[in-house]
Every structure is written in C-alpha cells, then in structure tokens.
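Novice: I'm passing along input_25.cif; it holds mmCIF, C-alpha atoms and all ligand atoms.
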data_final
#
loop_
_atom_site.group_PDB
_atom_site.id
_atom_site.type_symbol
_atom_site.label_atom_id
_atom_site.label_comp_id
_atom_site.auth_asym_id
_atom_site.auth_seq_id
_atom_site.Cartn_x
_atom_site.Cartn_y
_atom_site.Cartn_z
ATOM 1 C CA MET A 1 107.658 90.925 79.451
ATOM 2 C CA LYS A 2 106.246 93.273 82.085
ATOM 3 C CA THR A 3 103.171 95.107 80.796
ATOM 4 C CA THR A 4 102.486 97.275 83.849
ATOM 5 C CA ILE A 5 104.324 99.920 85.887
ATOM 6 C CA PHE A 6 103.115 100.102 89.512
ATOM 7 C CA GLY A 7 99.954 98.380 88.343
ATOM 8 C CA ILE A 8 99.381 100.897 85.522
ATOM 9 C CA GLU A 9 99.050 99.441 82.008
ATOM 10 C CA LYS A 10 102.155 100.503 80.053
ATOM 11 C CA SER A 11 100.093 101.700 77.081
ATOM 12 C CA GLN A 12 98.072 103.940 79.424
ATOM 13 C CA ALA A 13 101.226 105.171 81.175
ATOM 14 C CA GLU A 14 102.689 106.141 77.780
ATOM 15 C CA LYS A 15 99.645 108.306 77.028
ATOM 16 C CA THR A 16 99.945 109.972 80.430
ATOM 17 C CA VAL A 17 103.669 110.562 79.839
ATOM 18 C CA THR A 18 102.937 112.288 76.507
ATOM 19 C CA ALA A 19 100.491 114.606 78.269
ATOM 20 C CA LEU A 20 102.922 115.163 81.173
ATOM 21 C CA ASN A 21 105.658 116.134 78.699
ATOM 22 C CA GLU A 22 103.296 118.708 77.154
ATOM 23 C CA LEU A 23 102.543 120.002 80.646
ATOM 24 C CA LEU A 24 106.276 120.131 81.456
ATOM 25 C CA SER A 25 106.943 122.086 78.253
ATOM 26 C CA SER A 26 104.103 124.496 79.035
ATOM 27 C CA TYR A 27 105.498 125.069 82.523
ATOM 28 C CA GLN A 28 108.927 125.873 81.064
ATOM 29 C CA VAL A 29 107.367 128.572 78.871
ATOM 30 C CA PHE A 30 105.269 129.778 81.828
ATOM 31 C CA TYR A 31 108.425 129.921 83.979
ATOM 32 C CA GLN A 32 110.272 132.089 81.462
ATOM 33 C CA ASN A 33 107.226 134.328 80.943
ATOM 34 C CA LEU A 34 107.125 134.837 84.725
ATOM 35 C CA ARG A 35 110.817 135.770 84.814
ATOM 36 C CA GLY A 36 110.053 138.406 82.190
ATOM 37 C CA TYR A 37 107.195 139.873 84.263
ATOM 38 C CA HIS A 38 109.422 139.856 87.367
ATOM 39 C CA TRP A 39 112.205 141.729 85.579
ATOM 40 C CA ASN A 40 110.270 144.169 83.414
ATOM 41 C CA ILE A 41 107.346 145.259 85.551
ATOM 42 C CA ILE A 42 107.193 148.982 86.381
ATOM 43 C CA GLY A 43 104.748 151.264 88.164
ATOM 44 C CA LYS A 44 103.184 151.794 91.565
ATOM 45 C CA ASP A 45 102.697 148.084 92.264
ATOM 46 C CA PHE A 46 106.332 147.275 91.462
ATOM 47 C CA PHE A 47 107.404 146.100 94.910
ATOM 48 C CA GLU A 48 104.328 143.910 95.435
ATOM 49 C CA LEU A 49 104.261 142.373 91.945
ATOM 50 C CA HIS A 50 108.029 141.935 91.571
ATOM 51 C CA LEU A 51 107.960 139.748 94.710
ATOM 52 C CA LYS A 52 104.731 137.962 93.783
ATOM 53 C CA PHE A 53 106.074 137.004 90.341
ATOM 54 C CA GLU A 54 109.228 135.639 91.969
ATOM 55 C CA GLU A 55 107.013 133.477 94.200
ATOM 56 C CA TYR A 56 105.177 132.229 91.079
ATOM 57 C CA TYR A 57 108.304 131.364 89.078
ATOM 58 C CA ASN A 58 109.807 129.550 92.059
ATOM 59 C CA ASP A 59 106.584 127.562 92.344
ATOM 60 C CA ALA A 60 106.690 126.768 88.602
ATOM 61 C CA GLN A 61 110.294 125.603 88.949
ATOM 62 C CA VAL A 62 109.335 123.146 91.689
ATOM 63 C CA LYS A 63 106.486 121.801 89.544
ATOM 64 C CA ILE A 64 108.800 121.421 86.519
ATOM 65 C CA ASP A 65 111.045 119.139 88.548
ATOM 66 C CA GLU A 66 108.135 117.186 90.041
ATOM 67 C CA ILE A 67 106.566 116.584 86.619
ATOM 68 C CA ALA A 68 109.904 115.513 85.081
ATOM 69 C CA GLU A 69 110.555 113.109 87.947
ATOM 70 C CA ARG A 70 107.042 111.652 87.664
ATOM 71 C CA ILE A 71 107.798 110.976 83.963
ATOM 72 C CA LEU A 72 111.035 109.215 84.984
ATOM 73 C CA THR A 73 109.159 107.223 87.625
ATOM 74 C CA LEU A 74 106.818 106.062 84.828
ATOM 75 C CA GLU A 75 109.982 104.744 83.091
ATOM 76 C CA ALA A 76 110.103 107.434 80.385
ATOM 77 C CA THR A 77 112.360 110.376 79.542
ATOM 78 C CA PRO A 78 111.263 113.962 80.251
ATOM 79 C CA LEU A 79 111.753 116.560 77.527
ATOM 80 C CA HIS A 80 114.670 118.778 78.527
ATOM 81 C CA SER A 81 115.681 121.047 75.655
ATOM 82 C CA PHE A 82 114.343 124.438 74.542
ATOM 83 C CA ASP A 83 113.491 123.249 71.019
ATOM 84 C CA LYS A 84 111.311 120.434 72.394
ATOM 85 C CA PHE A 85 109.709 122.694 74.999
ATOM 86 C CA LEU A 86 108.646 125.149 72.306
ATOM 87 C CA GLU A 87 107.381 122.351 70.106
ATOM 88 C CA HIS A 88 105.237 120.807 72.862
ATOM 89 C CA SER A 89 104.108 123.812 74.920
ATOM 90 C CA THR A 90 100.450 124.796 74.733
ATOM 91 C CA LEU A 91 101.274 128.214 76.217
ATOM 92 C CA PRO A 92 102.392 131.199 74.116
ATOM 93 C CA ILE A 93 105.577 133.164 74.730
ATOM 94 C CA HIS A 94 104.908 136.626 76.183
ATOM 95 C CA SER A 95 107.586 139.288 75.996
ATOM 96 C CA ASN A 96 108.039 142.959 76.862
ATOM 97 C CA VAL A 97 105.179 143.196 79.343
ATOM 98 C CA PHE A 98 105.757 146.222 81.591
ATOM 99 C CA GLU A 99 102.294 146.926 82.987
ATOM 100 C CA GLY A 100 101.190 145.131 86.169
ATOM 101 C CA ALA A 101 97.544 144.530 85.301
ATOM 102 C CA ARG A 102 98.483 143.136 81.889
ATOM 103 C CA ALA A 103 100.985 140.724 83.436
ATOM 104 C CA VAL A 104 98.434 139.588 86.031
ATOM 105 C CA GLU A 105 95.808 139.046 83.319
ATOM 106 C CA GLN A 106 98.272 137.017 81.229
ATOM 107 C CA ILE A 107 99.220 134.904 84.260
ATOM 108 C CA ARG A 108 95.532 134.249 84.931
ATOM 109 C CA GLU A 109 94.998 133.152 81.321
ATOM 110 C CA GLN A 110 98.031 130.852 81.404
ATOM 111 C CA LEU A 111 96.892 129.288 84.674
ATOM 112 C CA GLU A 112 93.480 128.559 83.113
ATOM 113 C CA VAL A 113 95.238 126.688 80.271
ATOM 114 C CA LEU A 114 97.421 124.759 82.740
ATOM 115 C CA LEU A 115 94.352 123.937 84.864
ATOM 116 C CA GLU A 116 92.532 122.519 81.855
ATOM 117 C CA LYS A 117 95.535 120.412 80.875
ATOM 118 C CA GLN A 118 95.987 119.161 84.438
ATOM 119 C CA LYS A 119 92.311 118.186 84.659
ATOM 120 C CA THR A 120 92.683 116.166 81.450
ATOM 121 C CA ILE A 121 95.748 114.420 82.913
ATOM 122 C CA LEU A 122 93.903 113.848 86.197
ATOM 123 C CA HIS A 123 91.104 112.025 84.337
ATOM 124 C CA MET A 124 93.623 109.984 82.324
ATOM 125 C CA ALA A 125 95.440 109.041 85.528
ATOM 126 C CA ASP A 126 92.196 108.164 87.317
ATOM 127 C CA ASP A 127 91.131 105.922 84.435
ATOM 128 C CA SER A 128 94.437 104.026 84.542
ATOM 129 C CA ASN A 129 94.682 103.735 88.341
ATOM 130 C CA ASP A 130 97.744 106.030 88.366
ATOM 131 C CA ILE A 131 97.209 107.328 91.889
ATOM 132 C CA ALA A 132 100.455 109.291 92.253
ATOM 133 C CA THR A 133 99.885 111.300 89.048
ATOM 134 C CA SER A 134 96.267 111.943 90.122
ATOM 135 C CA ASP A 135 97.488 113.166 93.494
ATOM 136 C CA LEU A 136 100.044 115.513 91.927
ATOM 137 C CA MET A 137 97.453 116.995 89.563
ATOM 138 C CA THR A 138 94.906 117.383 92.365
ATOM 139 C CA GLN A 139 97.411 119.339 94.466
ATOM 140 C CA TYR A 140 98.231 121.655 91.546
ATOM 141 C CA ILE A 141 94.582 122.197 90.647
ATOM 142 C CA SER A 142 93.375 123.108 94.136
ATOM 143 C CA ALA A 143 96.200 125.592 94.765
ATOM 144 C CA GLN A 144 95.935 127.189 91.309
ATOM 145 C CA GLU A 145 92.155 127.634 91.370
ATOM 146 C CA LYS A 146 92.730 129.669 94.551
ATOM 147 C CA THR A 147 95.465 131.671 92.796
ATOM 148 C CA VAL A 148 93.097 132.407 89.880
ATOM 149 C CA TRP A 149 90.578 133.803 92.388
ATOM 150 C CA MET A 150 93.300 136.034 93.885
ATOM 151 C CA LEU A 151 94.405 137.279 90.468
ATOM 152 C CA ARG A 152 90.775 138.022 89.540
ATOM 153 C CA SER A 153 90.412 139.942 92.809
ATOM 154 C CA PHE A 154 93.539 141.970 92.059
ATOM 155 C CA LEU A 155 92.124 142.891 88.652
ATOM 156 C CA SER A 156 88.596 143.837 89.809
HETATM 157 FE FE FE B 201 114.953 138.713 90.981
#
Translate the structure described by the file into structure tokens.
Ligand SMILES: [Fe+2]
Specialist:
Amino acid sequence: MKTTIFGIEKSQAEKTVTALNELLSSYQVFYQNLRGYHWNIIGKDFFELHLKFEEYYNDAQVKIDEIAERILTLEATPLHSFDKFLEHSTLPIHSNVFEGARAVEQIREQLEVLLEKQKTILHMADDSNDIATSDLMTQYISAQEKTVWMLRSFLS
C-alpha cells in the first residue's frame, strides 16, 4: 500500500489536512464577517470601506477554494457545511458592526489569527516536504502582513 502522496508521508499529510480544514473553516467565518462589514458599514468612509471590504471578501473566497482544492489534492475531503465550519473555525462570528474603524480593527485582529495559523501550517508543510502547501501559505502570509500594515495605518 502507498504510504506517501507526492513524496509526503501520509500520516504527515493527514495532520496538514486537519490544520487546512481548520483554516478553511476560519476563512468561511472571515468571509461572512466581511460580507457583514460590506453591507452594514455607515459613515464618511462608506464609499472607500464598502469597496475595500468587497475586495477582501473576494480575496477570501479565492483562498477558500484554493485551500479546499489543496485538501483534495492531498487525497482528503474538505469540510463544506456550515455546522462543520462553525465547529472548526478559530475565528469568532462578528455581527452588527456599523462603524468603519471598528470593522477595520476586527479585520486586523482576524488576519493576525489567520497569519498565526498559516505560519503553523507552513512549518508543518516544511517539515514534511510538502512544497505546494508551503508555497500557498507563503503567498498568503506575505500579502496579509502587508494588509495588516495598511489596516494599522488606516487606524493611526
Ligand atoms: Fe455588494
């Protein structure tokens, strides 16, 4: 019986898949939180933030699909139902946020949680010679650290 997938030990790949499913679930919650900010935001920054939050939820949607398809590539099944997403997400649900600065602060906090999770997955992937997962995480991390800087700048 085959014990590796693309040269990755199956037992290691299973651990990475568990972490990727938690990341996927967190992104689903993040996505829905972002839709809420996009819809409910009011105030003088409405036009700017309404558009910016749309950009963020579209980006989250792309990542959701990439993470799910990486899980499938590792010969596992991605979580795909709301009950499982809520069970496995490390991000909280945020509702009824109307103020721009509060939404931006919450997005910054959620990105910090996602960054931490992605760095853990990156190390797991590096240790198991899972180059494609490492590459995906590296791309997310470098773009999101820049976004955190921009959000901090908006808030200062
Ligand atoms: Fe819209």
Novice: Which residues are near Tyr57 in chain A? Cut-off 9 Å, only C-alpha atoms, ignore same chain within fewer than 2 positions. Put them as number ranges by chain.
Specialist: A: 30-35, 38, 52-55, 59-62
Novice: Suppose a student applies the PyMOL selection byres (((chain A and resi 120-134) around 9) and not hetatm) to this structure; what residues should they get, written as a ChimeraX atom specification?
Specialist: /A:6-9,12-13,15-16,19-20,67,70,115-119,135-139
Novice: Excluding same-chain residues fewer than 5 positions from Asn96 in chain A, what lies within 10 Å of it counting only C-alpha atoms, as a ChimeraX atom specification?
Specialist: /A:33,36-37,39-41,103
Novice: Would you output that residue set with C-alpha atoms, as a compact mmCIF listing (two decimals), keeping the file's coordinate frame?
Specialist:
# COMPACT_ATOMS: atom_id res chain seq x y z
CA ASN A 33 107.23 134.33 80.94
CA GLY A 36 110.05 138.41 82.19
CA TYR A 37 107.20 139.87 84.26
CA TRP A 39 112.20 141.73 85.58
CA ASN A 40 110.27 144.17 83.41
CA ILE A 41 107.35 145.26 85.55
CA ALA A 103 100.98 140.72 83.44
Novice: Which distance in Å separates CA of Val148 in chain A and CA of Leu114 in chain A, to one decimal?
Specialist: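 CA of Val148 in chain A sits 11.3 Å away from CA of Leu114 in chain A.
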Novice: How many Å lie between CA of Thr147 in chain A and CA of Leu111 in chain A, rounded to one decimal?
Specialist: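 A separation of 8.6 Å between them.
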Novice: Would you compute the distance between CA of Glu109 in chain A and CA of His50 in chain A? Give it in Å to one decimal.
Specialist: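 CA of Glu109 in chain A sits 18.8 Å away from CA of His50 in chain A.
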Novice: Tell me which residues the PyMOL selection byres (((chain A and resi 42) around 8) and not hetatm) grabs here, as a PyMOL selection string.
Specialist: chain A and resi 40-41+43-46+98-100
Novice: With distances taken over all atoms listed in the file, which of A:Tyr140, A:Tyr27, A:Thr3, A:Leu49 is nearest to ligand FE 201 (chain B)?
Specialist: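 Once distances to ligand FE 201 (chain B) are computed over all atoms listed in the file, the minimum belongs to A:Leu49.
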Novice: A:Thr77, A:Ala143, A:Leu86, A:Asn58: which is nearest ligand FE 201 (chain B), counting all atoms listed in the file?
Specialist: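 Using all atoms listed in the file, ligand FE 201 (chain B) sits closest to A:Asn58.
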Novice: At a cut-off of 7 Å from (110.8, 116.4, 81.7) in the coordinates of the file, what residues are picked up using all atoms listed in the file, written as a list of chain:residue names?
Specialist: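 It turns out the residues near that spot are A:Asn21, A:Leu24, A:Ile67, A:Ala68, A:Ile71, A:Thr77, A:Pro78, A:Leu79, A:His80.
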Novice: With only C-alpha atoms as the atoms that count, which of A:Lys2, A:Pro92, A:Val17, A:Glu69 lies nearest to Ile107 in chain A?
Specialist: A:Pro92
Novice: Please fill the gaps in range 41-63 of chain A so it has N, CA and C atoms, and write that as a compact mmCIF listing (two decimals), keeping the file's coordinate frame.
Specialist:
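Writing the result to out-v2.txt gives the following:
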# COMPACT_ATOMS: atom_id res chain seq x y z
N ILE A 41 108.50 144.53 85.03
CA ILE A 41 107.35 145.26 85.55
C ILE A 41 107.77 146.63 86.09
N ILE A 42 106.93 147.64 85.84
CA ILE A 42 107.19 148.98 86.38
C ILE A 42 105.88 149.51 86.97
N GLY A 43 105.97 150.62 87.67
CA GLY A 43 104.75 151.26 88.16
C GLY A 43 104.57 151.16 89.67
N LYS A 44 103.40 151.65 90.12
CA LYS A 44 103.18 151.79 91.56
C LYS A 44 103.10 150.47 92.32
N ASP A 45 102.78 149.40 91.61
CA ASP A 45 102.70 148.08 92.26
C ASP A 45 104.00 147.30 92.14
N PHE A 46 105.07 147.99 91.73
CA PHE A 46 106.33 147.28 91.46
C PHE A 46 106.75 146.36 92.60
N PHE A 47 106.84 146.89 93.80
CA PHE A 47 107.40 146.10 94.91
C PHE A 47 106.57 144.85 95.18
N GLU A 48 105.25 145.03 95.18
CA GLU A 48 104.33 143.91 95.44
C GLU A 48 104.40 142.86 94.32
N LEU A 49 104.32 143.32 93.07
CA LEU A 49 104.26 142.37 91.94
C LEU A 49 105.61 141.72 91.66
N HIS A 50 106.68 142.49 91.78
CA HIS A 50 108.03 141.94 91.57
C HIS A 50 108.23 140.72 92.49
N LEU A 51 107.84 140.85 93.74
CA LEU A 51 107.96 139.75 94.71
C LEU A 51 106.99 138.62 94.41
N LYS A 52 105.77 138.98 94.06
CA LYS A 52 104.73 137.96 93.78
C LYS A 52 105.14 137.12 92.58
N PHE A 53 105.67 137.75 91.54
CA PHE A 53 106.07 137.00 90.34
C PHE A 53 107.27 136.08 90.65
N GLU A 54 108.12 136.51 91.54
CA GLU A 54 109.23 135.64 91.97
C GLU A 54 108.67 134.39 92.67
N GLU A 55 107.67 134.61 93.52
CA GLU A 55 107.01 133.48 94.20
C GLU A 55 106.43 132.51 93.15
N TYR A 56 105.80 133.07 92.12
CA TYR A 56 105.18 132.23 91.08
C TYR A 56 106.23 131.46 90.27
N TYR A 57 107.33 132.12 89.89
CA TYR A 57 108.30 131.36 89.08
C TYR A 57 109.03 130.31 89.92
N ASN A 58 109.22 130.59 91.20
CA ASN A 58 109.81 129.55 92.06
C ASN A 58 108.87 128.35 92.18
N ASP A 59 107.58 128.64 92.28
CA ASP A 59 106.58 127.56 92.34
C ASP A 59 106.58 126.76 91.03
N ALA A 60 106.67 127.46 89.91
CA ALA A 60 106.69 126.77 88.60
C ALA A 60 107.93 125.88 88.49
N GLN A 61 109.04 126.37 89.01
CA GLN A 61 110.29 125.60 88.95
C GLN A 61 110.18 124.29 89.73
N VAL A 62 109.55 124.36 90.88
CA VAL A 62 109.34 123.15 91.69
C VAL A 62 108.47 122.15 90.91
N LYS A 63 107.40 122.67 90.29
CA LYS A 63 106.49 121.80 89.54
C LYS A 63 107.20 121.17 88.34
